[in-house]
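Read the structure below first, then the notes.
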Amino acid sequence: MNWMISANGKMYDHATAFQKWGFVDWRQRANYSVGDIVYIYCTKPFKRVMYKTVVEQESMTSQEIVDDSMYWNIKEEYEKALGGKYARLKLIQQVDTEKLELNHLIEYGLKAAPQGPVRLKDELSKYIDIHMNDYAGNGVFPETAIPNNYYEGAVHKVTVNKYERSSIARQRCISYNGTNCFVCGMNFEEKYGAIGKDFIHIHHVVPLNEIGKEYVVDYKNDLIPVCPNCHAMLHRKINGKYLKWDELRDLIENDRDS
Ligand SMILES: [Zn+2]
Ligand SMILES: [Zn+2]
């Protein structure tokens with residue numbers, strides 16, 4: 001069976017919970033079976049389906065679920081949910097594409113923005129699945145479309161990590177930092193016009209060997225927008241070490257002055 005539920009990021013920070021555990025323990029308001037697919041529709045400002053999950057466990061009690069109280073922004077809602085049943089929804093795919101906005105979902109048979117769980121007809125599930133792989137749709141981060149996790153840049157092969165590939169992390173970094181390259185200031189829309197709108201790479205500044213098990217990416221401090229050229233340079237070593245983004249910025253600024 002395929003379902004759709006709705007999630008309000010202002011109430012519960014499901015994006016960070018998914019990053020931390022790869023699942024969410026969600027208040028269960030329908031008769032799910034293990035193996036059912038649950039698509040998550042995100043309310044304003046997104047108004048689109050952004051996650052595909054599978055029911056891993058159902059009818060769990062609040063004693064059996066992970067302690068996710070820190071991800072609840074509205075404590076009364078958290079407490080209200082505690083008496084009920086929960087289902088563990090394991091993340092299969094995440095995506096951010098206009099093709100999964102409410103108006104398209106309605107064209108394919110959804111009646112209105114979901115409140116509680118809605119059962120989906122095959123036509124709608126098929127439509128959603130097609131666009132679940134739609135990385136080209138957001139055009140922001142080409143690495144995601146390349147299975148081997150590297151980007152063949154003009155200058156150098158850039159190996160990216162899962163934080164740089166995550167569409168959630170990318171979206172948050174961009175809404176916080178904008179789309180200008182932190183290093184050289186380049187903006188693709190200014191340079192290339194409409195085709196460059198929203199295009200930028202995301203670089204993760206924390207060295208992977210310093211990341212422990214419990215690490216949750218901090219999109220304000222750990223991720224920065226960079227253009228592909230500067231990104232390639234940040235992934236290149238000089239004298240055996242990587243430059244920090246501000247060192248690279250200073251380097252090209254000094255170069256311009258001389
Ligand atoms: Zn740059
Ligand atoms: Zn990078």
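How things are named: the first chain in the structure tokens is A, the next is B, and so on; residues count from 1 in each chain; ligands count from 1 in the order shown.
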
Legend entry - All residues 9 Å or closer to Asn187 of chain A, only C-alpha atoms, same chain fewer than 5 positions away omitted, as a ChimeraX atom specification: /A:179-181,192,196-200,227

Inset, instruction - Could you pull out the residues sitting within 9 Å of ligand 1, using only C-alpha atoms and all ligand atoms, and write them as a list in words? - result: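 Sorted by chain and then by number, the residues are Asn180, Cys181, Phe182, Val183, Cys184, Gly185, Met186, Asn187, Pro225, Val226, Cys227, Pro228, Asn229, Cys230, His231 and Arg249 of chain A.
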
Those residues you just picked out, can you put them in a file as a short mmCIF file (atom, residue, chain, number, x, y, z; two decimals), in the first residue's frame with C-alpha atoms?
```cif
data_model
loop_
_atom_site.label_atom_id
_atom_site.label_comp_id
_atom_site.auth_asym_id
_atom_site.auth_seq_id
_atom_site.Cartn_x
_atom_site.Cartn_y
_atom_site.Cartn_z
CA ASN A 180 27.27 33.52 -4.29
CA CYS A 181 30.59 31.68 -4.17
CA PHE A 182 32.11 32.25 -0.72
CA VAL A 183 35.60 32.24 -2.16
CA CYS A 184 35.47 34.40 -5.30
CA GLY A 185 32.00 35.97 -5.03
CA MET A 186 30.85 34.60 -8.38
CA ASN A 187 27.10 34.39 -8.94
CA PRO A 225 28.27 27.70 -1.34
CA VAL A 226 31.19 27.69 -3.77
CA CYS A 227 31.52 27.82 -7.54
CA PRO A 228 32.84 24.67 -9.27
CA ASN A 229 36.28 26.18 -9.91
CA CYS A 230 36.85 27.22 -6.31
CA HIS A 231 35.31 23.91 -5.22
CA ARG A 249 39.89 33.63 -0.84
#
```

Inset, instruction - Could you give me, as a ChimeraX atom specification, every polymer residue with an atom at most 7 Å away from an atom of ligand 2, counting only C-alpha atoms and all ligand atoms? - result: /A:160,164,202-204,231,234-235

Show me, as a PDB file with N, CA and C atoms, in the first residue's frame, the residues that have an atom within 9 Å of segment 20-34 of chain A when counting only C-alpha atoms, minus same-chain residues fewer than 6 positions from it.
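Final output, saved to part.pdb:
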```pdb
ATOM      1  N   MET A   1       0.841  -1.204   0.000  1.00  0.00           N
ATOM      2  CA  MET A   1       0.000   0.000   0.000  1.00  0.00           C
ATOM      3  C   MET A   1       0.881   1.261   0.000  1.00  0.00           C
ATOM      4  N   TRP A   3       1.051   5.454   0.753  1.00  0.00           N
ATOM      5  CA  TRP A   3       0.394   6.494   1.537  1.00  0.00           C
ATOM      6  C   TRP A   3       1.091   7.835   1.340  1.00  0.00           C
ATOM      7  N   HIS A  14      11.902  17.256  10.971  1.00  0.00           N
ATOM      8  CA  HIS A  14      12.110  15.918  10.410  1.00  0.00           C
ATOM      9  C   HIS A  14      13.380  15.842   9.567  1.00  0.00           C
ATOM     10  N   THR A  53       9.554   7.108   2.069  1.00  0.00           N
ATOM     11  CA  THR A  53       9.971   6.270   3.189  1.00  0.00           C
ATOM     12  C   THR A  53       9.255   4.924   3.112  1.00  0.00           C
ATOM     13  N   VAL A  54       9.749   3.967   3.888  1.00  0.00           N
ATOM     14  CA  VAL A  54       9.086   2.668   3.969  1.00  0.00           C
ATOM     15  C   VAL A  54       8.812   2.386   5.447  1.00  0.00           C
ATOM     16  N   VAL A  55       7.664   1.791   5.717  1.00  0.00           N
ATOM     17  CA  VAL A  55       7.311   1.462   7.102  1.00  0.00           C
ATOM     18  C   VAL A  55       8.181   0.290   7.551  1.00  0.00           C
ATOM     19  N   GLU A  56       8.993   0.537   8.571  1.00  0.00           N
ATOM     20  CA  GLU A  56       9.899  -0.507   9.041  1.00  0.00           C
ATOM     21  C   GLU A  56       9.305  -1.221  10.257  1.00  0.00           C
ATOM     22  N   GLN A  57       8.601  -0.452  11.090  1.00  0.00           N
ATOM     23  CA  GLN A  57       7.889  -1.044  12.232  1.00  0.00           C
ATOM     24  C   GLN A  57       6.610  -0.265  12.385  1.00  0.00           C
ATOM     25  N   GLU A  58       5.579  -0.923  12.945  1.00  0.00           N
ATOM     26  CA  GLU A  58       4.346  -0.166  13.185  1.00  0.00           C
ATOM     27  C   GLU A  58       3.823  -0.501  14.571  1.00  0.00           C
ATOM     28  N   SER A  59       2.830   0.259  15.012  1.00  0.00           N
ATOM     29  CA  SER A  59       2.248   0.087  16.353  1.00  0.00           C
ATOM     30  C   SER A  59       3.297   0.088  17.464  1.00  0.00           C
ATOM     31  N   MET A  60       4.256   0.972  17.386  1.00  0.00           N
ATOM     32  CA  MET A  60       5.240   1.109  18.465  1.00  0.00           C
ATOM     33  C   MET A  60       4.650   2.049  19.529  1.00  0.00           C
ATOM     34  N   ILE A  65      10.243   4.178  20.935  1.00  0.00           N
ATOM     35  CA  ILE A  65      10.777   5.057  19.892  1.00  0.00           C
ATOM     36  C   ILE A  65      12.058   5.766  20.369  1.00  0.00           C
ATOM     37  N   VAL A  66      12.776   6.339  19.423  1.00  0.00           N
ATOM     38  CA  VAL A  66      13.981   7.093  19.781  1.00  0.00           C
ATOM     39  C   VAL A  66      13.558   8.391  20.490  1.00  0.00           C
ATOM     40  N   ASP A  68      13.376  11.816  20.425  1.00  0.00           N
ATOM     41  CA  ASP A  68      13.543  12.881  19.434  1.00  0.00           C
ATOM     42  C   ASP A  68      12.949  14.189  19.950  1.00  0.00           C
ATOM     43  N   ALA A  81       1.416  13.611  21.475  1.00  0.00           N
ATOM     44  CA  ALA A  81       1.610  12.413  20.659  1.00  0.00           C
ATOM     45  C   ALA A  81       1.993  11.190  21.504  1.00  0.00           C
ATOM     46  N   LEU A  82       2.530  11.428  22.701  1.00  0.00           N
ATOM     47  CA  LEU A  82       3.162  10.342  23.462  1.00  0.00           C
ATOM     48  C   LEU A  82       2.247   9.165  23.803  1.00  0.00           C
ATOM     49  N   GLY A  84      -0.053   7.848  21.994  1.00  0.00           N
ATOM     50  CA  GLY A  84      -0.535   7.087  20.836  1.00  0.00           C
ATOM     51  C   GLY A  84       0.450   6.059  20.308  1.00  0.00           C
ATOM     52  N   LYS A  85       0.171   5.590  19.100  1.00  0.00           N
ATOM     53  CA  LYS A  85       1.039   4.610  18.449  1.00  0.00           C
ATOM     54  C   LYS A  85       1.971   5.330  17.464  1.00  0.00           C
ATOM     55  N   TYR A  86       3.084   4.675  17.181  1.00  0.00           N
ATOM     56  CA  TYR A  86       4.050   5.241  16.239  1.00  0.00           C
ATOM     57  C   TYR A  86       4.441   4.216  15.184  1.00  0.00           C
ATOM     58  N   ALA A  87       4.829   4.733  14.036  1.00  0.00           N
ATOM     59  CA  ALA A  87       5.413   3.877  13.002  1.00  0.00           C
ATOM     60  C   ALA A  87       6.814   4.402  12.708  1.00  0.00           C
ATOM     61  N   ARG A  88       7.739   3.484  12.494  1.00  0.00           N
ATOM     62  CA  ARG A  88       9.089   3.920  12.104  1.00  0.00           C
ATOM     63  C   ARG A  88       9.167   3.981  10.584  1.00  0.00           C
ATOM     64  N   LEU A  89       9.429   5.197  10.081  1.00  0.00           N
ATOM     65  CA  LEU A  89       9.498   5.426   8.634  1.00  0.00           C
ATOM     66  C   LEU A  89      10.947   5.593   8.232  1.00  0.00           C
ATOM     67  N   LYS A  90      11.442   4.616   7.501  1.00  0.00           N
ATOM     68  CA  LYS A  90      12.846   4.647   7.090  1.00  0.00           C
ATOM     69  C   LYS A  90      12.973   5.382   5.762  1.00  0.00           C
ATOM     70  N   LEU A  91      13.922   6.296   5.706  1.00  0.00           N
ATOM     71  CA  LEU A  91      14.110   7.108   4.502  1.00  0.00           C
ATOM     72  C   LEU A  91      14.662   6.269   3.349  1.00  0.00           C
ATOM     73  N   ILE A  92      13.988   6.321   2.215  1.00  0.00           N
ATOM     74  CA  ILE A  92      14.507   5.648   1.014  1.00  0.00           C
ATOM     75  C   ILE A  92      15.134   6.679   0.089  1.00  0.00           C
ATOM     76  N   GLY A 116      -4.212  14.277   7.332  1.00  0.00           N
ATOM     77  CA  GLY A 116      -3.813  12.963   7.878  1.00  0.00           C
ATOM     78  C   GLY A 116      -3.310  12.081   6.752  1.00  0.00           C
ATOM     79  N   PRO A 117      -3.082  10.781   7.030  1.00  0.00           N
ATOM     80  CA  PRO A 117      -2.602   9.871   5.979  1.00  0.00           C
ATOM     81  C   PRO A 117      -3.642   9.677   4.882  1.00  0.00           C
ATOM     82  N   VAL A 118      -3.193   9.703   3.632  1.00  0.00           N
ATOM     83  CA  VAL A 118      -4.064   9.491   2.480  1.00  0.00           C
ATOM     84  C   VAL A 118      -3.517   8.295   1.714  1.00  0.00           C
ATOM     85  N   GLU A 214      28.155  10.638  15.979  1.00  0.00           N
ATOM     86  CA  GLU A 214      26.968  11.401  16.342  1.00  0.00           C
ATOM     87  C   GLU A 214      26.869  12.727  15.585  1.00  0.00           C
ATOM     88  N   TYR A 215      27.751  12.934  14.648  1.00  0.00           N
ATOM     89  CA  TYR A 215      27.800  14.208  13.960  1.00  0.00           C
ATOM     90  C   TYR A 215      26.521  14.499  13.172  1.00  0.00           C
ATOM     91  N   VAL A 216      25.983  15.695  13.387  1.00  0.00           N
ATOM     92  CA  VAL A 216      24.872  16.172  12.559  1.00  0.00           C
ATOM     93  C   VAL A 216      25.372  17.440  11.879  1.00  0.00           C
ATOM     94  N   VAL A 217      25.218  17.487  10.572  1.00  0.00           N
ATOM     95  CA  VAL A 217      25.774  18.626   9.851  1.00  0.00           C
ATOM     96  C   VAL A 217      25.092  19.924  10.299  1.00  0.00           C
TER      97      VAL A 217
END
```

Inset, instruction - Name the residues in contact with Glu101 of chain A at a cut-off of 12 Å, using only C-alpha atoms, excluding same-chain residues fewer than 5 positions from it; report them as number ranges by chain. - result: A: 40-50, 95-96, 106-108, 110, 112-113, 127-128, 131, 137

Inset, instruction - Kindly indicate which residue among A:Tyr71, A:Asp122, A:Ile37, A:Met132 lies nearest to Leu100 of chain A, using only C-alpha atoms for the distances. - result: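 Looking at the shortest contact to Leu100 of chain A, the residue is A:Met132.
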
Inset, instruction - Could you pull out the residues in segment 13-258 of chain A that DSSP calls helix (DSSP H, G or I) from the backbone, as a ChimeraX atom specification? - result: /A:14-21,69-71,75-81,98-100,102-107,122-132,135-138,142-145,162-165,167-177,188-196,208-210,228-234,245-257

Inset, instruction - Extract, using only C-alpha atoms, all DNA, RNA and protein residues at most 10 Å from Ala169 of chain A, discarding same-chain residues fewer than 2 positions from it, and format them as a PyMOL selection string. - result: chain A and resi 15-16+19+162-167+171-174+202+204+217-220+222-223

Inset, instruction - Go through A:His104, A:Gly83, A:Arg119, A:Lys75 and flag the residue nearest Met4 of chain A, using only C-alpha atoms for the distances. - result: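 Among the listed residues, the smallest separation from Met4 of chain A belongs to A:Arg119.
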
Legend entry - Atomic separation - atom CA of Ile211 of chain A relative to atom CA of Asp250 of chain A, Å: 26.5 Å

Legend entry - Å distance separating atom CA of Tyr12 of chain A from atom CA of Asn73 of chain A, one decimal place: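 Value for the atom CA of Tyr12 of chain A-atom CA of Asn73 of chain A distance: 5.9 Å.
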
Inset, instruction - Just give me the gap between atom CA of Asn209 of chain A and atom CA of Lys237 of chain A in Å, one decimal is fine. - result: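 Between these atoms lies a distance of 15.7 Å.
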
Inset, instruction - Can you check which residues of segment 21-119 of chain A DSSP gives as strand (DSSP E) on the backbone and send them as an NGL selection string? - result: :A and (23-27 or 37-42 or 48-60 or 86-94 or 118-119)
